[in-house]
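Heads up: the structure comes next, in structure tokens.
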Amino acid sequence: MTTFEIIKKLSKDYGITVKNLSAQLGFGEGTIYKWKYQSPKASDLEKVATFFNVSVDYLLGRTDNKMDWVKYDEENAEGIKKGVSGAKMFDTIAAHAKDRDADLTEEDLQQINDFVNFIIDKHKK
């Protein structure tokens with residue numbers, strides 16, 4: 001698949017049009033569509049990768065692994081030292097629970113943490 005096709009599929013999976021994605025990222029209306037014929041700028045690819053939480057290599061079709069594990073480990077080095085490899089995602093999940101007025105116990109949070117770590121370790125190569 002081409003970079004454009006990968007982005008189009010990700011957009012569809014996220015329920016957003018390519019046009020809306022372009023607008024949300026501050027691109028010109030036809031920027032992503034031009035990637036059918038032109039190579040995108042690295043800075044633009046990075047914005048798309050960040051939006052979809054995938055690696056630039058995934059967008060370029062160089063890997064089937066969506067996650068950039070090296071970058072993830074660097075960003076979460078402190079949590080990893082504490083044995084919490086899913087630290088960043090765990091914080092995000094906990095914040096969403098709070099936003100929905102969920103009163104989670106420490107045991108609930110530990111179970112979420114354990115599950116996040118399980119999923120990450122399962123897909124890590």
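If you're wondering about the labels, chains in the structure tokens are A, B, ... by order shown, residues count from 1 in each chain, ligands from 1 in order shown.
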
Neighbour list for segment 44-49 of chain A as a PDB file with N, CA and C atoms, in the first residue's frame, cut-off 12 Å, only C-alpha atoms, skip fewer than 4 positions in-chain:
```pdb
ATOM      1  N   THR A   3       1.615   5.320   0.957  1.00  0.00           N
ATOM      2  CA  THR A   3       1.408   6.138   2.156  1.00  0.00           C
ATOM      3  C   THR A   3       0.000   6.712   2.169  1.00  0.00           C
ATOM      4  N   PHE A   4      -0.441   7.208   1.037  1.00  0.00           N
ATOM      5  CA  PHE A   4      -1.792   7.763   0.968  1.00  0.00           C
ATOM      6  C   PHE A   4      -2.835   6.702   1.316  1.00  0.00           C
ATOM      7  N   ILE A   6      -2.503   4.028   3.132  1.00  0.00           N
ATOM      8  CA  ILE A   6      -2.424   3.705   4.556  1.00  0.00           C
ATOM      9  C   ILE A   6      -3.135   4.774   5.379  1.00  0.00           C
ATOM     10  N   ILE A   7      -2.889   6.037   5.038  1.00  0.00           N
ATOM     11  CA  ILE A   7      -3.539   7.136   5.762  1.00  0.00           C
ATOM     12  C   ILE A   7      -5.045   7.121   5.529  1.00  0.00           C
ATOM     13  N   LYS A   8      -5.450   6.824   4.322  1.00  0.00           N
ATOM     14  CA  LYS A   8      -6.882   6.752   4.017  1.00  0.00           C
ATOM     15  C   LYS A   8      -7.547   5.650   4.842  1.00  0.00           C
ATOM     16  N   LEU A  10      -6.410   4.365   7.749  1.00  0.00           N
ATOM     17  CA  LEU A  10      -6.414   4.790   9.151  1.00  0.00           C
ATOM     18  C   LEU A  10      -7.531   5.795   9.409  1.00  0.00           C
ATOM     19  N   SER A  11      -7.696   6.714   8.481  1.00  0.00           N
ATOM     20  CA  SER A  11      -8.766   7.715   8.615  1.00  0.00           C
ATOM     21  C   SER A  11     -10.122   7.035   8.691  1.00  0.00           C
ATOM     22  N   VAL A  18     -10.267  12.065   5.043  1.00  0.00           N
ATOM     23  CA  VAL A  18      -8.922  12.580   4.779  1.00  0.00           C
ATOM     24  C   VAL A  18      -8.952  14.114   4.766  1.00  0.00           C
ATOM     25  N   LEU A  21      -9.048  15.232   8.326  1.00  0.00           N
ATOM     26  CA  LEU A  21      -7.733  15.000   8.913  1.00  0.00           C
ATOM     27  C   LEU A  21      -6.789  16.137   8.536  1.00  0.00           C
ATOM     28  N   SER A  22      -6.789  16.487   7.254  1.00  0.00           N
ATOM     29  CA  SER A  22      -5.943  17.588   6.781  1.00  0.00           C
ATOM     30  C   SER A  22      -6.243  18.870   7.543  1.00  0.00           C
ATOM     31  N   ALA A  23      -7.515  19.163   7.722  1.00  0.00           N
ATOM     32  CA  ALA A  23      -7.911  20.381   8.434  1.00  0.00           C
ATOM     33  C   ALA A  23      -7.465  20.340   9.895  1.00  0.00           C
ATOM     34  N   GLN A  24      -7.657  19.191  10.553  1.00  0.00           N
ATOM     35  CA  GLN A  24      -7.285  19.084  11.962  1.00  0.00           C
ATOM     36  C   GLN A  24      -5.783  19.234  12.173  1.00  0.00           C
ATOM     37  N   LEU A  25      -5.003  18.812  11.171  1.00  0.00           N
ATOM     38  CA  LEU A  25      -3.549  18.900  11.291  1.00  0.00           C
ATOM     39  C   LEU A  25      -2.999  20.218  10.778  1.00  0.00           C
ATOM     40  N   GLY A  26      -3.895  21.072  10.262  1.00  0.00           N
ATOM     41  CA  GLY A  26      -3.462  22.375   9.772  1.00  0.00           C
ATOM     42  C   GLY A  26      -2.840  22.346   8.392  1.00  0.00           C
ATOM     43  N   PHE A  27      -3.113  21.297   7.635  1.00  0.00           N
ATOM     44  CA  PHE A  27      -2.610  21.176   6.269  1.00  0.00           C
ATOM     45  C   PHE A  27      -3.574  21.877   5.321  1.00  0.00           C
ATOM     46  N   GLY A  28      -3.082  22.187   4.139  1.00  0.00           N
ATOM     47  CA  GLY A  28      -3.964  22.667   3.092  1.00  0.00           C
ATOM     48  C   GLY A  28      -4.921  21.552   2.699  1.00  0.00           C
ATOM     49  N   THR A  31      -3.416  18.675   0.626  1.00  0.00           N
ATOM     50  CA  THR A  31      -2.061  18.225   0.962  1.00  0.00           C
ATOM     51  C   THR A  31      -1.935  16.708   0.976  1.00  0.00           C
ATOM     52  N   ILE A  32      -2.763  16.035   1.729  1.00  0.00           N
ATOM     53  CA  ILE A  32      -2.633  14.578   1.846  1.00  0.00           C
ATOM     54  C   ILE A  32      -2.963  13.907   0.515  1.00  0.00           C
ATOM     55  N   TRP A  35      -0.164  13.351  -1.830  1.00  0.00           N
ATOM     56  CA  TRP A  35       0.768  12.278  -1.501  1.00  0.00           C
ATOM     57  C   TRP A  35       0.541  11.030  -2.347  1.00  0.00           C
ATOM     58  N   SER A  39       6.059  12.833  -2.686  1.00  0.00           N
ATOM     59  CA  SER A  39       6.509  12.404  -1.358  1.00  0.00           C
ATOM     60  C   SER A  39       6.169  13.489  -0.343  1.00  0.00           C
ATOM     61  N   PRO A  40       5.616  13.095   0.792  1.00  0.00           N
ATOM     62  CA  PRO A  40       5.294  14.078   1.830  1.00  0.00           C
ATOM     63  C   PRO A  40       6.547  14.555   2.553  1.00  0.00           C
ATOM     64  N   ASN A  53      -1.151   7.813  16.358  1.00  0.00           N
ATOM     65  CA  ASN A  53      -0.333   7.041  17.293  1.00  0.00           C
ATOM     66  C   ASN A  53       0.296   5.823  16.609  1.00  0.00           C
ATOM     67  N   VAL A  54       0.893   6.076  15.454  1.00  0.00           N
ATOM     68  CA  VAL A  54       1.610   5.043  14.715  1.00  0.00           C
ATOM     69  C   VAL A  54       3.003   5.583  14.390  1.00  0.00           C
ATOM     70  N   SER A  55       3.864   4.710  13.910  1.00  0.00           N
ATOM     71  CA  SER A  55       5.202   5.145  13.528  1.00  0.00           C
ATOM     72  C   SER A  55       5.193   5.692  12.104  1.00  0.00           C
ATOM     73  N   VAL A  56       6.174   6.526  11.806  1.00  0.00           N
ATOM     74  CA  VAL A  56       6.335   7.023  10.441  1.00  0.00           C
ATOM     75  C   VAL A  56       6.647   5.847   9.515  1.00  0.00           C
ATOM     76  N   ASP A  57       7.423   4.893   9.991  1.00  0.00           N
ATOM     77  CA  ASP A  57       7.719   3.707   9.176  1.00  0.00           C
ATOM     78  C   ASP A  57       6.446   2.966   8.785  1.00  0.00           C
ATOM     79  N   TYR A  58       5.476   2.919   9.689  1.00  0.00           N
ATOM     80  CA  TYR A  58       4.195   2.285   9.359  1.00  0.00           C
ATOM     81  C   TYR A  58       3.504   3.060   8.235  1.00  0.00           C
ATOM     82  N   LEU A  59       3.496   4.381   8.332  1.00  0.00           N
ATOM     83  CA  LEU A  59       2.857   5.200   7.291  1.00  0.00           C
ATOM     84  C   LEU A  59       3.541   5.029   5.940  1.00  0.00           C
ATOM     85  N   LEU A  60       4.844   4.799   5.971  1.00  0.00           N
ATOM     86  CA  LEU A  60       5.602   4.631   4.728  1.00  0.00           C
ATOM     87  C   LEU A  60       5.530   3.197   4.192  1.00  0.00           C
ATOM     88  N   LYS A  66       2.366  -0.990  13.872  1.00  0.00           N
ATOM     89  CA  LYS A  66       1.935   0.407  13.971  1.00  0.00           C
ATOM     90  C   LYS A  66       2.742   1.194  14.995  1.00  0.00           C
ATOM     91  N   MET A  67       3.133   0.565  16.071  1.00  0.00           N
ATOM     92  CA  MET A  67       3.779   1.261  17.181  1.00  0.00           C
ATOM     93  C   MET A  67       5.288   1.327  16.991  1.00  0.00           C
ATOM     94  N   ASP A  68       5.873   2.471  17.299  1.00  0.00           N
ATOM     95  CA  ASP A  68       7.320   2.650  17.310  1.00  0.00           C
ATOM     96  C   ASP A  68       7.782   2.344  18.734  1.00  0.00           C
TER      97      ASP A  68
END
```

Of the candidates A:His123, A:Gly61, A:Phe51, A:Ala42, which shows the shortest atom-to-atom distance to Thr2 of chain A, using only C-alpha atoms?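 Closest to Thr2 of chain A of all the choices is A:Gly61.
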
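Atom CA of Lys122 of chain A lies 28.3 Å from atom CA of Arg100 of chain A.
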